[in-house]
Amino acid sequence: MNAEADALAAVNDAAKAAVKDADRKHVFHSWSAQELIDPLPVAGAEGSYFWDYDGNRFLDFSSALVYTNIGYQHPKVAAAIAEQAAKLCTVAPGFAVDARSEAARLIAERTPGDLDKIFFTNAGAEAVENAVRMARLHTGRPKVMAAYRSYHGATSTAINLTGDARRFGNDTATAGVVHFWGPFLYRSPFHATTEAEECERALRHLEDTIVFEGPQSIAAIILETVGGAPGVLVPPAGYLAGVRALCDRYGIVFILDEVMVGFGRTGTWFAADHWDVRPDLLCFAKGITSGYVPLGGVAISAAIAETFARRPYPGGLTYSGHVLACAAAVATIHTMEEEGIVEQSARTGAELLGPGLRAIAERHPSVGEVRGLGTFWALELVRDPRTREPLVPYNASGADNAPMAAFGAALKKGGLWPLLAGNRMHVAPPCNISAEDVAKGLAILDEALSVADAHMA
């Protein structure tokens with residue numbers, strides 16, 4: 001038995017070494033200084049877990065990059081992809097094909113309002129690019145407004161719309177983007193003391209910005225319905241309705257970016273459903289296929305679709321509505337319906353993650369705030385709960401980021417894979433995570449936060 005175990009270990013060691021060697025020699029990684037990173041070689045994944053070649057299993061509280069909404073390797077979706085591959089792997093986007101048509105129908109049925117036309121892209125950033133293009137062509141105006149605390153993607157327009165520090169190395173200052181402050185009561189830029197004050201003052205600031213930029217020059221306002229990368233920023237009641245009203249008043253297209261929060265992540269099909277708000281354009285990706293095959297898109301209102309009824313839309317993609325991706329989308333939506341995954345996400349947030357994270361926060365002074373919905377939460381980590389000084393500075397790296405790095409290492413040592421951003425831990429497990437795995441993850445988090453506590457001022 002020991003000989004068999006030794007032989008298996010040798011095979012795994014050889015496989016791990018080969019993967020790492022090829023990665024180091026040939027893979028160029030996103031957002032990284034290539035010689036300063038050491039990617040973990042992953043051997044497999046299933047459900048809410050993935051594992052390495054040494055047999056270490058990690059409970060994934062990041063859902064990869066917040067997209068494995070139905071977990072890894074769901075058999076229904078994997079089978080649907082295989083079935084479609086055997087039937088028809090691909091066809092040019094100009095043809096009508098059953099998988100693409102059905103995916104569009106199922107998405108349109110679930111989007112808010114009259115977003116009944118679907119333009120397919122390969123990912124979320126391309127969805128944002130095309131939504132902005134549609135808005136500019138529809139209005140004949142050049143400018144687009146976006147929040148400072150935001151992330152909209154890494155392509156040319158999307159990265160300029162983005163408000164966080166990833167924009168800095170890409171900002172051309174010629175993209176026609178105007179940034180503004182959105183509501184965030186914990187770190188209010190408006191000196192508000194209540195959610196109602198924050199909402200009212202944020203809307204006043206937004207309208208002032210519109211007026212001073214010239215409404216006649218503004219094509220669109222784009223917002224993440226719930227801010228994802230900037231820290232799971234849940235808007236106060238009335239804010240999105242207020243933005244909708246401003247857009248109507250000034251003839252501005254309202255774009256919601258639901259790339260991260262669509263398809264069950266916040267406990268509804270789309271996060272907009274929480275506030276009954278209806279955008280003119282809605283961007284989606286990630287959870288539509290649980291990331292199994294890349295797919296994104298723009299859901300388009302009747303008025304904007306009419307703009308291009310007899311006028312060609314000047315945009316397209318070789319793989320728009322890729323057949324394998326659309327088959328994965330159809331299977332993912334059916335699976336979420338059949339298994340009640342959207343409703344499960346809502347229950348998990350209300351009954352397990354929300355109460356559990358708040359209880360943990362009571363025990364750890366490094367947790368300044370807990371916020372979230374469904375299976376999408378964040379812990380704001382601070383050096384001082386009274387002053388709310390972040391545990392690490394904005395855009396920290398190297399030695400400045402040591403407290404968060406130590407905290408992350410403790411989580412991984414405990415078997416939990418985190419999603420860390422700045423001074424925050426985002427808690428975004430698969431939407432169908434079991435109650436037992438939620439409890440396990442929270443226990444690991446509870447223990448690891450003692451490391452963050454030790455780095456307080």
# chains A, B, ... in the order shown; residues from 1 in each chain; ligands from 1
>>> residues_around(residues="Asp437 in chain A", least_positions_apart="2", cutoff="12 Å", atoms="only C-alpha atoms", output="PDB file with all heavy atoms, in the first residue's frame")
ATOM      1  N   GLY A  47     -17.916  20.858  -7.282  1.00  0.00           N
ATOM      2  CA  GLY A  47     -18.774  21.514  -6.308  1.00  0.00           C
ATOM      3  C   GLY A  47     -18.168  22.819  -5.823  1.00  0.00           C
ATOM      4  O   GLY A  47     -17.807  23.691  -6.608  1.00  0.00           O
ATOM      5  N   SER A  48     -18.009  22.945  -4.520  1.00  0.00           N
ATOM      6  CA  SER A  48     -17.459  24.167  -3.924  1.00  0.00           C
ATOM      7  C   SER A  48     -15.963  24.060  -3.638  1.00  0.00           C
ATOM      8  O   SER A  48     -15.402  24.922  -2.959  1.00  0.00           O
ATOM      9  CB  SER A  48     -18.202  24.489  -2.618  1.00  0.00           C
ATOM     10  OG  SER A  48     -19.565  24.740  -2.869  1.00  0.00           O
ATOM     11  N   TYR A  49     -15.310  23.030  -4.163  1.00  0.00           N
ATOM     12  CA  TYR A  49     -13.903  22.776  -3.836  1.00  0.00           C
ATOM     13  C   TYR A  49     -13.041  22.664  -5.095  1.00  0.00           C
ATOM     14  O   TYR A  49     -13.509  22.255  -6.159  1.00  0.00           O
ATOM     15  CB  TYR A  49     -13.757  21.458  -3.064  1.00  0.00           C
ATOM     16  CG  TYR A  49     -14.290  21.503  -1.666  1.00  0.00           C
ATOM     17  CD1 TYR A  49     -15.646  21.310  -1.411  1.00  0.00           C
ATOM     18  CD2 TYR A  49     -13.440  21.749  -0.583  1.00  0.00           C
ATOM     19  CE1 TYR A  49     -16.141  21.345  -0.114  1.00  0.00           C
ATOM     20  CE2 TYR A  49     -13.926  21.774   0.717  1.00  0.00           C
ATOM     21  CZ  TYR A  49     -15.274  21.581   0.947  1.00  0.00           C
ATOM     22  OH  TYR A  49     -15.768  21.620   2.232  1.00  0.00           O
ATOM     23  N   PHE A  58      -9.268  22.969  -1.210  1.00  0.00           N
ATOM     24  CA  PHE A  58      -9.609  24.326  -0.802  1.00  0.00           C
ATOM     25  C   PHE A  58     -11.103  24.563  -1.010  1.00  0.00           C
ATOM     26  O   PHE A  58     -11.622  24.334  -2.114  1.00  0.00           O
ATOM     27  CB  PHE A  58      -8.815  25.350  -1.609  1.00  0.00           C
ATOM     28  CG  PHE A  58      -7.334  25.268  -1.399  1.00  0.00           C
ATOM     29  CD1 PHE A  58      -6.538  24.519  -2.253  1.00  0.00           C
ATOM     30  CD2 PHE A  58      -6.723  25.926  -0.329  1.00  0.00           C
ATOM     31  CE1 PHE A  58      -5.167  24.429  -2.066  1.00  0.00           C
ATOM     32  CE2 PHE A  58      -5.358  25.833  -0.133  1.00  0.00           C
ATOM     33  CZ  PHE A  58      -4.580  25.088  -0.996  1.00  0.00           C
ATOM     34  N   LEU A  59     -11.766  24.999   0.031  1.00  0.00           N
ATOM     35  CA  LEU A  59     -13.143  25.450  -0.081  1.00  0.00           C
ATOM     36  C   LEU A  59     -13.106  26.835  -0.726  1.00  0.00           C
ATOM     37  O   LEU A  59     -12.496  27.760  -0.192  1.00  0.00           O
ATOM     38  CB  LEU A  59     -13.782  25.513   1.307  1.00  0.00           C
ATOM     39  CG  LEU A  59     -15.210  26.055   1.400  1.00  0.00           C
ATOM     40  CD1 LEU A  59     -16.164  25.253   0.526  1.00  0.00           C
ATOM     41  CD2 LEU A  59     -15.673  26.032   2.855  1.00  0.00           C
ATOM     42  N   ASP A  60     -13.749  26.969  -1.884  1.00  0.00           N
ATOM     43  CA  ASP A  60     -13.582  28.180  -2.686  1.00  0.00           C
ATOM     44  C   ASP A  60     -14.621  29.228  -2.309  1.00  0.00           C
ATOM     45  O   ASP A  60     -15.763  29.173  -2.754  1.00  0.00           O
ATOM     46  CB  ASP A  60     -13.681  27.835  -4.168  1.00  0.00           C
ATOM     47  CG  ASP A  60     -13.291  29.009  -5.046  1.00  0.00           C
ATOM     48  OD1 ASP A  60     -12.921  30.047  -4.495  1.00  0.00           O
ATOM     49  OD2 ASP A  60     -13.362  28.864  -6.284  1.00  0.00           O
ATOM     50  N   PHE A  61     -14.210  30.193  -1.502  1.00  0.00           N
ATOM     51  CA  PHE A  61     -15.079  31.294  -1.124  1.00  0.00           C
ATOM     52  C   PHE A  61     -14.950  32.470  -2.104  1.00  0.00           C
ATOM     53  O   PHE A  61     -15.377  33.574  -1.806  1.00  0.00           O
ATOM     54  CB  PHE A  61     -14.765  31.757   0.303  1.00  0.00           C
ATOM     55  CG  PHE A  61     -15.741  31.246   1.329  1.00  0.00           C
ATOM     56  CD1 PHE A  61     -16.307  29.990   1.215  1.00  0.00           C
ATOM     57  CD2 PHE A  61     -16.099  32.021   2.430  1.00  0.00           C
ATOM     58  CE1 PHE A  61     -17.208  29.509   2.160  1.00  0.00           C
ATOM     59  CE2 PHE A  61     -17.004  31.559   3.374  1.00  0.00           C
ATOM     60  CZ  PHE A  61     -17.559  30.305   3.243  1.00  0.00           C
ATOM     61  N   THR A 348     -29.229  31.423   1.789  1.00  0.00           N
ATOM     62  CA  THR A 348     -27.878  31.320   2.349  1.00  0.00           C
ATOM     63  C   THR A 348     -27.411  32.667   2.887  1.00  0.00           C
ATOM     64  O   THR A 348     -26.798  32.755   3.953  1.00  0.00           O
ATOM     65  CB  THR A 348     -26.896  30.787   1.291  1.00  0.00           C
ATOM     66  OG1 THR A 348     -27.299  29.457   0.923  1.00  0.00           O
ATOM     67  CG2 THR A 348     -25.469  30.747   1.820  1.00  0.00           C
ATOM     68  N   LEU A 352     -27.551  32.289   6.775  1.00  0.00           N
ATOM     69  CA  LEU A 352     -26.244  31.720   7.135  1.00  0.00           C
ATOM     70  C   LEU A 352     -25.111  32.745   7.034  1.00  0.00           C
ATOM     71  O   LEU A 352     -24.468  33.063   8.029  1.00  0.00           O
ATOM     72  CB  LEU A 352     -25.942  30.510   6.249  1.00  0.00           C
ATOM     73  CG  LEU A 352     -26.961  29.358   6.311  1.00  0.00           C
ATOM     74  CD1 LEU A 352     -26.604  28.291   5.278  1.00  0.00           C
ATOM     75  CD2 LEU A 352     -27.000  28.748   7.695  1.00  0.00           C
ATOM     76  N   LEU A 353     -24.861  33.247   5.841  1.00  0.00           N
ATOM     77  CA  LEU A 353     -23.709  34.126   5.663  1.00  0.00           C
ATOM     78  C   LEU A 353     -23.884  35.452   6.406  1.00  0.00           C
ATOM     79  O   LEU A 353     -22.976  35.886   7.131  1.00  0.00           O
ATOM     80  CB  LEU A 353     -23.464  34.395   4.179  1.00  0.00           C
ATOM     81  CG  LEU A 353     -22.818  33.256   3.388  1.00  0.00           C
ATOM     82  CD1 LEU A 353     -22.780  33.593   1.902  1.00  0.00           C
ATOM     83  CD2 LEU A 353     -21.407  32.972   3.896  1.00  0.00           C
ATOM     84  N   GLY A 415      -7.451  25.934   4.647  1.00  0.00           N
ATOM     85  CA  GLY A 415      -8.201  25.224   3.608  1.00  0.00           C
ATOM     86  C   GLY A 415      -9.290  26.055   2.961  1.00  0.00           C
ATOM     87  O   GLY A 415     -10.167  25.507   2.276  1.00  0.00           O
ATOM     88  N   LEU A 416      -9.242  27.383   3.126  1.00  0.00           N
ATOM     89  CA  LEU A 416     -10.238  28.267   2.523  1.00  0.00           C
ATOM     90  C   LEU A 416      -9.545  29.160   1.499  1.00  0.00           C
ATOM     91  O   LEU A 416      -8.560  29.836   1.822  1.00  0.00           O
ATOM     92  CB  LEU A 416     -10.896  29.134   3.596  1.00  0.00           C
ATOM     93  CG  LEU A 416     -12.052  30.021   3.116  1.00  0.00           C
ATOM     94  CD1 LEU A 416     -13.286  29.178   2.845  1.00  0.00           C
ATOM     95  CD2 LEU A 416     -12.378  31.094   4.156  1.00  0.00           C
ATOM     96  N   PRO A 429     -18.969  32.466  -2.222  1.00  0.00           N
ATOM     97  CA  PRO A 429     -18.930  31.043  -2.564  1.00  0.00           C
ATOM     98  C   PRO A 429     -19.951  30.732  -3.645  1.00  0.00           C
ATOM     99  O   PRO A 429     -20.775  31.606  -4.001  1.00  0.00           O
ATOM    100  CB  PRO A 429     -19.325  30.375  -1.239  1.00  0.00           C
ATOM    101  CG  PRO A 429     -20.240  31.370  -0.586  1.00  0.00           C
ATOM    102  CD  PRO A 429     -19.657  32.723  -0.941  1.00  0.00           C
ATOM    103  N   PRO A 430     -19.933  29.535  -4.216  1.00  0.00           N
ATOM    104  CA  PRO A 430     -20.976  29.171  -5.170  1.00  0.00           C
ATOM    105  C   PRO A 430     -22.367  29.411  -4.589  1.00  0.00           C
ATOM    106  O   PRO A 430     -22.583  29.247  -3.378  1.00  0.00           O
ATOM    107  CB  PRO A 430     -20.714  27.677  -5.415  1.00  0.00           C
ATOM    108  CG  PRO A 430     -19.239  27.533  -5.192  1.00  0.00           C
ATOM    109  CD  PRO A 430     -18.925  28.466  -4.058  1.00  0.00           C
ATOM    110  N   CYS A 431     -23.296  29.791  -5.441  1.00  0.00           N
ATOM    111  CA  CYS A 431     -24.655  30.104  -4.974  1.00  0.00           C
ATOM    112  C   CYS A 431     -25.357  28.875  -4.393  1.00  0.00           C
ATOM    113  O   CYS A 431     -26.333  29.022  -3.639  1.00  0.00           O
ATOM    114  CB  CYS A 431     -25.482  30.659  -6.121  1.00  0.00           C
ATOM    115  SG  CYS A 431     -24.839  32.194  -6.805  1.00  0.00           S
ATOM    116  N   ASN A 432     -24.888  27.684  -4.749  1.00  0.00           N
ATOM    117  CA  ASN A 432     -25.500  26.449  -4.226  1.00  0.00           C
ATOM    118  C   ASN A 432     -24.617  25.766  -3.184  1.00  0.00           C
ATOM    119  O   ASN A 432     -24.716  24.561  -2.955  1.00  0.00           O
ATOM    120  CB  ASN A 432     -25.797  25.468  -5.363  1.00  0.00           C
ATOM    121  CG  ASN A 432     -24.569  25.094  -6.179  1.00  0.00           C
ATOM    122  OD1 ASN A 432     -23.517  25.727  -6.070  1.00  0.00           O
ATOM    123  ND2 ASN A 432     -24.684  24.064  -7.016  1.00  0.00           N
ATOM    124  N   ILE A 433     -23.782  26.528  -2.500  1.00  0.00           N
ATOM    125  CA  ILE A 433     -22.954  25.960  -1.439  1.00  0.00           C
ATOM    126  C   ILE A 433     -23.835  25.365  -0.350  1.00  0.00           C
ATOM    127  O   ILE A 433     -24.912  25.903  -0.039  1.00  0.00           O
ATOM    128  CB  ILE A 433     -22.007  27.031  -0.856  1.00  0.00           C
ATOM    129  CG1 ILE A 433     -20.999  26.405   0.121  1.00  0.00           C
ATOM    130  CG2 ILE A 433     -22.782  28.182  -0.227  1.00  0.00           C
ATOM    131  CD1 ILE A 433     -19.937  27.374   0.605  1.00  0.00           C
ATOM    132  N   SER A 434     -23.398  24.275   0.243  1.00  0.00           N
ATOM    133  CA  SER A 434     -24.186  23.629   1.294  1.00  0.00           C
ATOM    134  C   SER A 434     -24.044  24.387   2.610  1.00  0.00           C
ATOM    135  O   SER A 434     -23.065  25.119   2.834  1.00  0.00           O
ATOM    136  CB  SER A 434     -23.724  22.183   1.498  1.00  0.00           C
ATOM    137  OG  SER A 434     -22.411  22.159   2.060  1.00  0.00           O
ATOM    138  N   ALA A 435     -25.017  24.183   3.490  1.00  0.00           N
ATOM    139  CA  ALA A 435     -24.961  24.801   4.821  1.00  0.00           C
ATOM    140  C   ALA A 435     -23.737  24.320   5.586  1.00  0.00           C
ATOM    141  O   ALA A 435     -23.107  25.092   6.326  1.00  0.00           O
ATOM    142  CB  ALA A 435     -26.236  24.476   5.593  1.00  0.00           C
ATOM    143  N   ALA A 439     -20.693  26.705   7.078  1.00  0.00           N
ATOM    144  CA  ALA A 439     -20.231  26.658   8.470  1.00  0.00           C
ATOM    145  C   ALA A 439     -18.734  26.390   8.540  1.00  0.00           C
ATOM    146  O   ALA A 439     -18.015  27.012   9.346  1.00  0.00           O
ATOM    147  CB  ALA A 439     -21.008  25.584   9.229  1.00  0.00           C
ATOM    148  N   LYS A 440     -18.264  25.499   7.700  1.00  0.00           N
ATOM    149  CA  LYS A 440     -16.834  25.184   7.680  1.00  0.00           C
ATOM    150  C   LYS A 440     -16.020  26.413   7.277  1.00  0.00           C
ATOM    151  O   LYS A 440     -15.007  26.755   7.916  1.00  0.00           O
ATOM    152  CB  LYS A 440     -16.565  24.040   6.705  1.00  0.00           C
ATOM    153  CG  LYS A 440     -15.097  23.662   6.564  1.00  0.00           C
ATOM    154  CD  LYS A 440     -14.922  22.505   5.576  1.00  0.00           C
ATOM    155  CE  LYS A 440     -13.448  22.171   5.375  1.00  0.00           C
ATOM    156  NZ  LYS A 440     -13.273  21.047   4.414  1.00  0.00           N
ATOM    157  N   GLY A 441     -16.459  27.101   6.232  1.00  0.00           N
ATOM    158  CA  GLY A 441     -15.739  28.279   5.774  1.00  0.00           C
ATOM    159  C   GLY A 441     -15.722  29.388   6.803  1.00  0.00           C
ATOM    160  O   GLY A 441     -14.694  30.047   7.013  1.00  0.00           O
ATOM    161  N   LEU A 442     -16.848  29.597   7.469  1.00  0.00           N
ATOM    162  CA  LEU A 442     -16.913  30.646   8.480  1.00  0.00           C
ATOM    163  C   LEU A 442     -16.012  30.328   9.668  1.00  0.00           C
ATOM    164  O   LEU A 442     -15.411  31.233  10.267  1.00  0.00           O
ATOM    165  CB  LEU A 442     -18.358  30.854   8.935  1.00  0.00           C
ATOM    166  CG  LEU A 442     -19.315  31.443   7.895  1.00  0.00           C
ATOM    167  CD1 LEU A 442     -20.716  31.578   8.487  1.00  0.00           C
ATOM    168  CD2 LEU A 442     -18.818  32.774   7.364  1.00  0.00           C
ATOM    169  N   ALA A 443     -15.894  29.040  10.010  1.00  0.00           N
ATOM    170  CA  ALA A 443     -15.014  28.649  11.121  1.00  0.00           C
ATOM    171  C   ALA A 443     -13.553  28.940  10.776  1.00  0.00           C
ATOM    172  O   ALA A 443     -12.785  29.435  11.623  1.00  0.00           O
ATOM    173  CB  ALA A 443     -15.210  27.173  11.441  1.00  0.00           C
ATOM    174  N   ILE A 444     -13.158  28.643   9.543  1.00  0.00           N
ATOM    175  CA  ILE A 444     -11.787  28.942   9.114  1.00  0.00           C
ATOM    176  C   ILE A 444     -11.550  30.453   9.123  1.00  0.00           C
ATOM    177  O   ILE A 444     -10.500  30.938   9.584  1.00  0.00           O
ATOM    178  CB  ILE A 444     -11.526  28.358   7.717  1.00  0.00           C
ATOM    179  CG1 ILE A 444     -11.646  26.824   7.737  1.00  0.00           C
ATOM    180  CG2 ILE A 444     -10.149  28.771   7.206  1.00  0.00           C
ATOM    181  CD1 ILE A 444     -11.677  26.188   6.352  1.00  0.00           C
TER     182      ILE A 444
END
>>> residues_around(residues="range 382-399 of chain A", least_positions_apart="3", cutoff="6 Å", atoms="only C-alpha atoms", output="ChimeraX atom specification")
/A:366,368,402,423,456-457
>>> closest_atom_pairs(of="range 215-319 of chain A", to="range 324-346 of chain A", cutoff="8 Å", atoms="only C-alpha atoms", output="Markdown table")
| residue | atom | partner | partner_atom | distance |
| --- | --- | --- | --- | --- |
| A:Phe263 | CA | A:Val342 | CA | 7.4 |
| A:Gly264 | CA | A:Val342 | CA | 4.5 |
| A:Arg265 | CA | A:Ser345 | CA | 6.7 |
| A:Thr266 | CA | A:Ala346 | CA | 6.7 |
| A:Gly267 | CA | A:Ala346 | CA | 3.8 |
| A:Thr268 | CA | A:Val342 | CA | 5.8 |
| A:Trp269 | CA | A:Val342 | CA | 6.6 |
| A:Ile288 | CA | A:Ala329 | CA | 5.5 |
| A:Thr289 | CA | A:Ala329 | CA | 4.6 |
| A:Ser290 | CA | A:Thr332 | CA | 7.1 |
| A:Tyr292 | CA | A:Ala328 | CA | 7.1 |
| A:Val293 | CA | A:Ala325 | CA | 5.0 |
| A:Pro294 | CA | A:Ala325 | CA | 6.3 |
| A:Leu295 | CA | A:Ala325 | CA | 5.9 |
>>> select_by_dssp(residues="range 60-171 of chain A", states="strand (DSSP E)", output="number ranges by chain")
A: 60, 117-121, 143-147
>>> write_last_selection(atoms="all heavy atoms", output="PDB file, in the first residue's frame")
ATOM      1  N   ASP A  60     -13.749  26.969  -1.884  1.00  0.00           N
ATOM      2  CA  ASP A  60     -13.582  28.180  -2.686  1.00  0.00           C
ATOM      3  C   ASP A  60     -14.621  29.228  -2.309  1.00  0.00           C
ATOM      4  O   ASP A  60     -15.763  29.173  -2.754  1.00  0.00           O
ATOM      5  CB  ASP A  60     -13.681  27.835  -4.168  1.00  0.00           C
ATOM      6  CG  ASP A  60     -13.291  29.009  -5.046  1.00  0.00           C
ATOM      7  OD1 ASP A  60     -12.921  30.047  -4.495  1.00  0.00           O
ATOM      8  OD2 ASP A  60     -13.362  28.864  -6.284  1.00  0.00           O
ATOM      9  N   LYS A 117     -33.986  42.148 -26.373  1.00  0.00           N
ATOM     10  CA  LYS A 117     -33.004  41.809 -27.402  1.00  0.00           C
ATOM     11  C   LYS A 117     -31.657  41.566 -26.728  1.00  0.00           C
ATOM     12  O   LYS A 117     -31.253  42.324 -25.834  1.00  0.00           O
ATOM     13  CB  LYS A 117     -32.857  42.943 -28.416  1.00  0.00           C
ATOM     14  CG  LYS A 117     -34.089  43.187 -29.272  1.00  0.00           C
ATOM     15  CD  LYS A 117     -34.201  42.153 -30.375  1.00  0.00           C
ATOM     16  CE  LYS A 117     -35.300  42.561 -31.354  1.00  0.00           C
ATOM     17  NZ  LYS A 117     -35.412  41.588 -32.469  1.00  0.00           N
ATOM     18  N   ILE A 118     -30.960  40.523 -27.169  1.00  0.00           N
ATOM     19  CA  ILE A 118     -29.684  40.141 -26.546  1.00  0.00           C
ATOM     20  C   ILE A 118     -28.575  40.174 -27.589  1.00  0.00           C
ATOM     21  O   ILE A 118     -28.647  39.491 -28.620  1.00  0.00           O
ATOM     22  CB  ILE A 118     -29.771  38.727 -25.924  1.00  0.00           C
ATOM     23  CG1 ILE A 118     -30.971  38.600 -24.987  1.00  0.00           C
ATOM     24  CG2 ILE A 118     -28.455  38.397 -25.216  1.00  0.00           C
ATOM     25  CD1 ILE A 118     -30.966  39.539 -23.806  1.00  0.00           C
ATOM     26  N   PHE A 119     -27.555  40.989 -27.320  1.00  0.00           N
ATOM     27  CA  PHE A 119     -26.334  40.995 -28.129  1.00  0.00           C
ATOM     28  C   PHE A 119     -25.279  40.212 -27.362  1.00  0.00           C
ATOM     29  O   PHE A 119     -24.904  40.582 -26.245  1.00  0.00           O
ATOM     30  CB  PHE A 119     -25.852  42.427 -28.371  1.00  0.00           C
ATOM     31  CG  PHE A 119     -24.564  42.513 -29.147  1.00  0.00           C
ATOM     32  CD1 PHE A 119     -24.556  42.392 -30.520  1.00  0.00           C
ATOM     33  CD2 PHE A 119     -23.348  42.712 -28.489  1.00  0.00           C
ATOM     34  CE1 PHE A 119     -23.366  42.472 -31.247  1.00  0.00           C
ATOM     35  CE2 PHE A 119     -22.161  42.792 -29.202  1.00  0.00           C
ATOM     36  CZ  PHE A 119     -22.170  42.664 -30.581  1.00  0.00           C
ATOM     37  N   PHE A 120     -24.797  39.124 -27.947  1.00  0.00           N
ATOM     38  CA  PHE A 120     -23.848  38.257 -27.248  1.00  0.00           C
ATOM     39  C   PHE A 120     -22.408  38.700 -27.475  1.00  0.00           C
ATOM     40  O   PHE A 120     -22.010  39.079 -28.579  1.00  0.00           O
ATOM     41  CB  PHE A 120     -24.005  36.808 -27.706  1.00  0.00           C
ATOM     42  CG  PHE A 120     -25.217  36.126 -27.132  1.00  0.00           C
ATOM     43  CD1 PHE A 120     -26.273  35.755 -27.957  1.00  0.00           C
ATOM     44  CD2 PHE A 120     -25.303  35.854 -25.775  1.00  0.00           C
ATOM     45  CE1 PHE A 120     -27.388  35.119 -27.439  1.00  0.00           C
ATOM     46  CE2 PHE A 120     -26.416  35.224 -25.243  1.00  0.00           C
ATOM     47  CZ  PHE A 120     -27.468  34.854 -26.081  1.00  0.00           C
ATOM     48  N   THR A 121     -21.624  38.616 -26.397  1.00  0.00           N
ATOM     49  CA  THR A 121     -20.194  38.870 -26.438  1.00  0.00           C
ATOM     50  C   THR A 121     -19.486  37.653 -25.843  1.00  0.00           C
ATOM     51  O   THR A 121     -20.118  36.662 -25.478  1.00  0.00           O
ATOM     52  CB  THR A 121     -19.837  40.132 -25.640  1.00  0.00           C
ATOM     53  OG1 THR A 121     -20.138  39.908 -24.248  1.00  0.00           O
ATOM     54  CG2 THR A 121     -20.621  41.334 -26.137  1.00  0.00           C
ATOM     55  N   LYS A 143     -19.984  61.617 -23.999  1.00  0.00           N
ATOM     56  CA  LYS A 143     -19.482  61.334 -22.655  1.00  0.00           C
ATOM     57  C   LYS A 143     -20.238  60.180 -21.982  1.00  0.00           C
ATOM     58  O   LYS A 143     -21.425  59.976 -22.222  1.00  0.00           O
ATOM     59  CB  LYS A 143     -19.585  62.565 -21.760  1.00  0.00           C
ATOM     60  CG  LYS A 143     -18.696  63.722 -22.159  1.00  0.00           C
ATOM     61  CD  LYS A 143     -18.908  64.894 -21.212  1.00  0.00           C
ATOM     62  CE  LYS A 143     -18.113  66.119 -21.641  1.00  0.00           C
ATOM     63  NZ  LYS A 143     -18.402  67.291 -20.781  1.00  0.00           N
ATOM     64  N   VAL A 144     -19.513  59.488 -21.095  1.00  0.00           N
ATOM     65  CA  VAL A 144     -20.123  58.454 -20.249  1.00  0.00           C
ATOM     66  C   VAL A 144     -19.664  58.692 -18.824  1.00  0.00           C
ATOM     67  O   VAL A 144     -18.478  58.964 -18.578  1.00  0.00           O
ATOM     68  CB  VAL A 144     -19.729  57.033 -20.710  1.00  0.00           C
ATOM     69  CG1 VAL A 144     -20.385  55.988 -19.813  1.00  0.00           C
ATOM     70  CG2 VAL A 144     -20.130  56.814 -22.160  1.00  0.00           C
ATOM     71  N   MET A 145     -20.590  58.579 -17.887  1.00  0.00           N
ATOM     72  CA  MET A 145     -20.283  58.802 -16.476  1.00  0.00           C
ATOM     73  C   MET A 145     -20.228  57.469 -15.741  1.00  0.00           C
ATOM     74  O   MET A 145     -21.066  56.592 -15.963  1.00  0.00           O
ATOM     75  CB  MET A 145     -21.331  59.714 -15.839  1.00  0.00           C
ATOM     76  CG  MET A 145     -21.386  61.094 -16.476  1.00  0.00           C
ATOM     77  SD  MET A 145     -22.603  62.180 -15.687  1.00  0.00           S
ATOM     78  CE  MET A 145     -21.862  62.358 -14.048  1.00  0.00           C
ATOM     79  N   ALA A 146     -19.233  57.338 -14.860  1.00  0.00           N
ATOM     80  CA  ALA A 146     -19.042  56.107 -14.090  1.00  0.00           C
ATOM     81  C   ALA A 146     -18.537  56.469 -12.700  1.00  0.00           C
ATOM     82  O   ALA A 146     -17.928  57.522 -12.502  1.00  0.00           O
ATOM     83  CB  ALA A 146     -18.045  55.179 -14.789  1.00  0.00           C
ATOM     84  N   ALA A 147     -18.768  55.587 -11.751  1.00  0.00           N
ATOM     85  CA  ALA A 147     -18.385  55.854 -10.365  1.00  0.00           C
ATOM     86  C   ALA A 147     -16.893  55.605 -10.151  1.00  0.00           C
ATOM     87  O   ALA A 147     -16.281  54.767 -10.820  1.00  0.00           O
ATOM     88  CB  ALA A 147     -19.199  54.971  -9.416  1.00  0.00           C
TER      89      ALA A 147
END
>>> atom_distance(atom1="CA of Thr90 in chain A", atom2="CA of Arg105 in chain A")
19.2 Å
>>> closest_atom_pairs(of="range 155-236 of chain A", to="range 124-134 of chain A", cutoff="9 Å", atoms="only C-alpha atoms", output="CSV")
residue,atom,partner,partner_atom,distance
A:Thr155,CA,A:Ala125,CA,6.0
A:Ser156,CA,A:Glu129,CA,8.0
A:Thr157,CA,A:Glu129,CA,6.0
A:Ala158,CA,A:Ala125,CA,6.0
A:Ile159,CA,A:Ala125,CA,8.4
A:Ala219,CA,A:Val132,CA,8.2
A:Ala220,CA,A:Val132,CA,7.2
A:Ile222,CA,A:Val132,CA,8.5
>>> residues_around(residues="Ala9 in chain A", least_positions_apart="4", cutoff="10 Å", atoms="only C-alpha atoms", output="list of chain:residue names")
A:Ala3, A:Glu4, A:Ala5, A:Asp13, A:Ala14, A:Ala15, A:Tyr53, A:Asp54, A:Gly55
>>> closest_residue(among="A:Gly321, A:Pro236, A:Pro189, A:Gly297", to="Glu258 in chain A", atoms="only C-alpha atoms")
A:Gly297
>>> residues_around(residues="Arg141 in chain A", least_positions_apart="2", cutoff="10 Å", atoms="only C-alpha atoms", output="number ranges by chain")
A: 135-139, 143-144, 176, 215-220, 252
>>> residues_around(residues="Gly262 in chain A", least_positions_apart="5", cutoff="12 Å", atoms="only C-alpha atoms", output="PyMOL selection string")
chain A and resi 66-69+107+110-112+124+224-228+256-257+267-274+282-290+296-297+299+333+342+345+374-376+431
